[in-house]
>>> print(open('model_28.csv').read())   # CSV, C-alpha atoms
chain,number,residue,atom,x,y,z
O,3,MET,CA,-205.1,255.1,162.2
O,4,LYS,CA,-205.7,257.7,159.5
O,5,LYS,CA,-209.0,258.8,161.0
O,6,LEU,CA,-207.4,259.0,164.5
O,7,LEU,CA,-204.5,261.1,163.3
O,8,SER,CA,-206.9,263.4,161.5
O,9,GLU,CA,-208.8,263.9,164.7
O,10,ILE,CA,-205.6,264.6,166.7
O,11,ARG,CA,-204.4,267.1,164.1
O,12,ALA,CA,-207.7,268.9,164.2
O,13,CYS,CA,-207.8,269.0,168.0
O,14,GLU,CA,-208.5,272.4,169.6
O,15,VAL,CA,-209.2,271.3,173.1
O,16,CYS,CA,-206.8,273.7,174.8
O,17,LYS,CA,-206.6,276.4,172.0
O,18,VAL,CA,-207.3,279.3,174.5
O,19,HIS,CA,-204.0,278.4,176.3
O,20,LEU,CA,-201.8,278.2,173.3
O,21,PRO,CA,-199.9,281.4,172.3
O,22,LEU,CA,-199.3,280.3,168.7
O,23,GLY,CA,-202.6,278.5,168.4
O,24,PRO,CA,-203.2,274.7,168.0
O,25,ARG,CA,-201.0,272.7,165.7
O,26,PRO,CA,-200.8,269.1,167.0
O,27,ILE,CA,-197.6,267.4,166.0
O,28,VAL,CA,-197.6,263.6,165.9
O,29,ALA,CA,-196.2,260.8,163.6
O,30,CYS,CA,-197.5,257.3,163.9
O,31,HIS,CA,-198.2,254.1,161.9
O,32,PRO,CA,-199.7,250.8,162.9
O,33,ASP,CA,-196.5,249.0,162.0
O,34,ALA,CA,-194.2,251.0,164.3
O,35,LYS,CA,-192.3,249.0,166.8
O,36,ILE,CA,-190.6,251.9,168.7
O,37,ILE,CA,-192.4,254.9,170.1
O,38,ILE,CA,-190.7,258.0,171.4
O,39,ILE,CA,-192.7,260.0,173.9
O,40,GLY,CA,-191.3,263.5,174.2
O,41,GLN,CA,-192.5,266.7,176.0
O,42,ALA,CA,-194.1,269.1,173.5
O,43,PRO,CA,-193.1,270.7,170.2
O,44,GLY,CA,-190.9,273.9,170.4
O,45,THR,CA,-191.4,276.9,168.2
O,46,LYS,CA,-189.3,275.5,165.3
O,47,VAL,CA,-191.3,272.3,165.3
O,48,HIS,CA,-194.5,274.2,165.5
O,49,GLU,CA,-193.4,276.2,162.5
O,50,THR,CA,-192.3,273.3,160.3
O,51,GLY,CA,-194.8,270.6,161.6
O,52,VAL,CA,-192.0,268.1,161.6
O,53,PRO,CA,-191.4,266.4,165.0
O,54,TRP,CA,-187.9,266.7,166.5
O,55,ASP,CA,-186.9,269.0,163.6
O,56,ASP,CA,-184.5,271.0,165.8
O,57,PRO,CA,-181.1,270.6,167.7
O,58,SER,CA,-182.8,268.4,170.3
O,59,GLY,CA,-183.9,266.1,167.5
O,60,ARG,CA,-180.4,265.9,166.0
O,61,GLN,CA,-179.0,264.9,169.4
O,62,LEU,CA,-181.7,262.3,169.9
O,63,ARG,CA,-181.0,260.7,166.5
O,64,LYS,CA,-177.3,260.5,167.6
O,65,TRP,CA,-178.2,258.9,170.8
O,66,LEU,CA,-180.4,256.4,169.0
O,67,GLY,CA,-177.7,255.8,166.4
O,68,VAL,CA,-180.2,256.2,163.5
O,69,SER,CA,-180.3,258.3,160.3
O,70,ASP,CA,-182.9,260.9,159.6
O,71,GLU,CA,-184.4,258.5,157.1
O,72,VAL,CA,-184.9,255.8,159.7
O,73,PHE,CA,-186.0,258.2,162.4
O,74,TYR,CA,-188.7,259.7,160.2
O,75,ASP,CA,-190.0,256.4,158.9
O,76,GLU,CA,-193.3,256.1,160.7
O,77,THR,CA,-193.5,252.4,160.0
O,78,LYS,CA,-190.5,252.0,162.3
O,79,ILE,CA,-190.6,254.8,164.9
O,80,ALA,CA,-193.7,256.7,166.1
O,81,LEU,CA,-193.1,260.2,167.5
O,82,VAL,CA,-195.7,261.2,170.1
O,83,PRO,CA,-195.4,264.1,172.6
O,84,MET,CA,-197.0,264.4,176.0
O,85,GLY,CA,-198.5,267.7,174.8
O,86,PHE,CA,-199.1,267.8,171.0
O,87,CYS,CA,-198.9,271.6,170.6
O,88,TYR,CA,-196.4,274.3,171.5
O,89,PRO,CA,-197.3,275.3,175.1
O,90,GLY,CA,-195.6,278.7,175.2
O,91,LYS,CA,-192.6,280.2,176.8
O,92,GLY,CA,-191.8,280.2,180.5
O,93,LYS,CA,-189.0,281.6,182.7
O,94,GLY,CA,-186.4,278.8,182.0
O,95,GLY,CA,-187.6,277.7,178.6
O,96,ASP,CA,-190.8,276.4,177.2
O,97,LEU,CA,-193.8,275.8,179.5
O,98,PRO,CA,-194.7,272.2,180.5
O,99,PRO,CA,-196.7,270.2,178.0
O,100,ARG,CA,-200.4,270.7,178.2
O,101,THR,CA,-202.0,268.0,180.4
O,102,GLU,CA,-205.0,267.4,178.2
O,103,CYS,CA,-203.3,265.6,175.4
O,104,ALA,CA,-201.9,262.4,176.9
O,105,PRO,CA,-205.1,261.2,178.6
O,106,LEU,CA,-207.1,262.2,175.5
O,107,TRP,CA,-205.0,260.6,172.8
O,108,HIS,CA,-202.2,258.3,174.0
O,109,GLN,CA,-204.2,255.1,174.7
O,110,GLN,CA,-206.1,255.4,171.4
O,111,LEU,CA,-202.7,255.6,169.6
O,112,TRP,CA,-201.3,252.6,171.5
O,113,ASP,CA,-204.4,250.6,170.6
O,114,ALA,CA,-203.8,251.4,166.9
O,115,MET,CA,-200.2,250.3,167.1
O,116,PRO,CA,-200.2,246.5,168.0
O,117,ASN,CA,-196.5,246.0,167.1
O,118,LEU,CA,-195.1,248.3,169.7
O,119,GLU,CA,-192.1,246.7,171.5
O,120,PHE,CA,-190.1,249.6,172.9
O,121,ILE,CA,-191.2,252.9,174.5
O,122,ILE,CA,-188.7,255.6,175.0
O,123,LEU,CA,-189.7,258.1,177.7
O,124,ILE,CA,-187.9,261.5,177.2
O,125,GLY,CA,-187.9,263.8,180.2
O,126,THR,CA,-189.7,264.0,183.5
O,127,TYR,CA,-193.2,264.6,182.2
O,128,ALA,CA,-193.3,261.3,180.2
O,129,GLN,CA,-191.5,259.4,182.9
O,130,LYS,CA,-193.9,260.6,185.7
O,131,TYR,CA,-196.9,259.8,183.5
O,132,TYR,CA,-195.9,256.3,182.5
O,133,LEU,CA,-193.6,255.1,185.3
O,134,LYS,CA,-195.7,256.7,188.1
O,135,LYS,CA,-194.5,255.4,191.5
O,136,GLU,CA,-191.8,253.2,189.8
O,137,MET,CA,-189.9,256.4,189.0
O,138,GLU,CA,-186.9,257.1,191.1
O,139,LYS,CA,-186.5,260.3,193.2
O,140,ASN,CA,-185.5,262.4,190.2
O,141,LEU,CA,-184.7,262.2,186.4
O,142,THR,CA,-181.0,261.4,186.9
O,143,GLU,CA,-181.7,258.4,189.2
O,144,THR,CA,-184.5,257.2,186.9
O,145,VAL,CA,-182.2,257.3,183.8
O,146,LYS,CA,-179.5,255.6,185.9
O,147,ALA,CA,-181.9,252.8,186.7
O,148,TYR,CA,-183.0,252.4,183.1
O,149,GLN,CA,-182.6,248.6,183.3
O,150,LYS,CA,-185.3,248.4,185.9
O,151,TYR,CA,-187.9,249.5,183.3
O,152,ALA,CA,-186.8,247.0,180.6
O,153,PRO,CA,-187.9,245.7,178.3
O,154,LYS,CA,-190.9,248.0,177.8
O,155,TYR,CA,-189.6,251.4,178.8
O,156,PHE,CA,-186.4,253.3,178.4
O,157,PRO,CA,-186.1,256.6,180.3
O,158,LEU,CA,-183.9,259.4,178.8
O,159,PRO,CA,-183.1,263.0,179.7
O,160,HIS,CA,-184.3,265.6,177.2
O,161,PRO,CA,-181.6,265.9,174.4
O,162,SER,CA,-181.9,269.7,174.5
O,163,PRO,CA,-178.6,271.7,174.2
O,164,ARG,CA,-179.6,273.2,177.5
O,165,ASN,CA,-178.8,269.9,179.1
O,166,ARG,CA,-175.1,270.0,178.2
O,167,PHE,CA,-174.2,270.6,181.8
O,168,TRP,CA,-176.2,267.5,182.9
O,169,LEU,CA,-174.4,265.4,180.3
O,170,THR,CA,-171.0,266.7,181.4
O,171,LYS,CA,-171.9,266.0,185.0
O,172,ASN,CA,-173.1,262.5,184.2
O,173,PRO,CA,-170.5,260.9,181.9
O,174,TRP,CA,-171.9,257.4,182.6
O,175,PHE,CA,-175.0,258.4,180.5
O,176,GLU,CA,-173.2,258.4,177.1
O,177,LYS,CA,-170.8,255.6,178.0
O,178,GLU,CA,-173.4,253.1,179.3
O,179,VAL,CA,-177.0,254.3,178.7
O,180,VAL,CA,-176.6,255.5,175.1
O,181,THR,CA,-174.7,252.3,174.2
O,182,GLU,CA,-177.6,250.2,175.5
O,183,LEU,CA,-180.2,252.5,173.8
O,184,GLN,CA,-178.5,252.0,170.5
O,185,LYS,CA,-178.5,248.2,170.9
O,186,ARG,CA,-182.1,248.1,171.9
O,187,THR,CA,-183.1,250.4,169.0
O,188,SER,CA,-181.2,248.4,166.4
O,189,THR,CA,-182.8,245.2,167.7
O,190,CYS,CA,-186.3,246.6,167.2
O,191,LEU,CA,-185.6,248.0,163.8
>>> encode(input="model_28.csv", output="structure tokens")
Amino acid sequence: MKKLLSEIRACEVCKVHLPLGPRPIVACHPDAKIIIIGQAPGTKVHETGVPWDDPSGRQLRKWLGVSDEVFYDETKIALVPMGFCYPGKGKGGDLPPRTECAPLWHQQLWDAMPNLEFIILIGTYAQKYYLKKEMEKNLTETVKAYQKYAPKYFPLPHPSPRNRFWLTKNPWFEKEVVTELQKRTSTCL
């Protein structure tokens, strides 16, 4: 695992496309039972090098019902994005994650983590990549059908503060889905 993580952190495959240059962000350990697959690091995470070190990460830890200490314990929770580097700014926020990363690195990471029990898919990019044709017509319907993907996968919306309107419009999410997410998370820890 150490060699693989060193290779990932030294990756420059798409450096010409990255406005801030390459800085792959990933946190894994062979003993991890939970893996969180997000989109791509934002500018703050690019700066600090700490995954989910931003308001989205704070919201995600609330949804999971875990402390910072547990969340950042790589032996418990692996943190892997679809795109390992900050992709740049677009019209409505950050650009989509670079498409090179997941096919290049994900399977190698999974092979090095034999104890994985629970895969949390955050956002449409992760859900499309892993659920493929099993995904519902959109993110809302996919998250609503979370039980369909159990026990392996658990789809979530992105915990970004930009999604506050989505959360307001879908009160069932925090009442039902977050409650089940916390149960599943505590069972794996």
>>> closest_residue(input="model_28.csv", among="O:Val47, O:Leu7, O:Ile79, O:Ile38", to="O:Leu158", atoms="all atoms listed in the file")
O:Ile38
>>> atom_distance(input="model_28.csv", atom1="atom CA of O:Asn140", atom2="atom CA of O:Pro53")
26.2 Å
>>> atom_distance(input="model_28.csv", atom1="atom CA of O:Cys87", atom2="atom CA of O:His48")
7.2 Å
>>> residues_around(input="model_28.csv", residues="O:Ala147", least_positions_apart="2", cutoff="10 Å", atoms="only C-alpha atoms", output="VMD selection string")
chain O and resid 137 to 138 141 to 145 149 to 152 156 to 157 179
>>> closest_atom_pairs(input="model_28.csv", of="stretch 40-157 of chain O", to="stretch 24-27 of chain O", cutoff="10 Å", atoms="all atoms listed in the file", output="Markdown table")
| residue | atom | partner | partner_atom | distance |
| --- | --- | --- | --- | --- |
| O:Ala42 | CA | O:Ile27 | CA | 8.4 |
| O:Pro43 | CA | O:Ile27 | CA | 7.0 |
| O:Val47 | CA | O:Ile27 | CA | 8.0 |
| O:His48 | CA | O:Arg25 | CA | 6.7 |
| O:Glu49 | CA | O:Arg25 | CA | 9.0 |
| O:Thr50 | CA | O:Ile27 | CA | 9.8 |
| O:Gly51 | CA | O:Ile27 | CA | 6.1 |
| O:Val52 | CA | O:Ile27 | CA | 7.2 |
| O:Pro53 | CA | O:Ile27 | CA | 6.4 |
| O:Trp54 | CA | O:Ile27 | CA | 9.7 |
| O:Leu81 | CA | O:Ile27 | CA | 8.6 |
| O:Val82 | CA | O:Ile27 | CA | 7.7 |
| O:Pro83 | CA | O:Ile27 | CA | 7.7 |
| O:Gly85 | CA | O:Pro26 | CA | 8.3 |
| O:Phe86 | CA | O:Pro26 | CA | 4.5 |
| O:Cys87 | CA | O:Pro26 | CA | 4.8 |
| O:Tyr88 | CA | O:Arg25 | CA | 7.6 |
| O:Pro89 | CA | O:Pro24 | CA | 9.3 |
| O:Cys103 | CA | O:Pro26 | CA | 9.4 |
>>> residues_around(input="model_28.csv", residues="O:Ser69", least_positions_apart="6", cutoff="12 Å", atoms="all atoms listed in the file", output="list in words")
Gly59, Arg60, Gln61, Leu62, Arg63, Asp75, Ile79 and Ser188 of chain O
>>> closest_residue(input="model_28.csv", among="O:Asn117, O:Lys177, O:Asp70, O:Thr126", to="O:Asp55", atoms="only C-alpha atoms")
O:Asp70
>>> closest_residue(input="model_28.csv", among="O:Asp113, O:Glu76, O:Glu182, O:Glu102", to="O:Val15", atoms="all atoms listed in the file")
O:Glu102
>>> atom_distance(input="model_28.csv", atom1="atom CA of O:Thr187", atom2="atom CA of O:Leu66")
6.6 Å
>>> closest_residue(input="model_28.csv", among="O:Lys64, O:Lys154, O:Arg11, O:Arg166", to="O:Trp107", atoms="all atoms listed in the file")
O:Arg11
>>> closest_residue(input="model_28.csv", among="O:Gly90, O:Pro163, O:Pro173, O:Pro153", to="O:Lys17", atoms="all atoms listed in the file")
O:Gly90
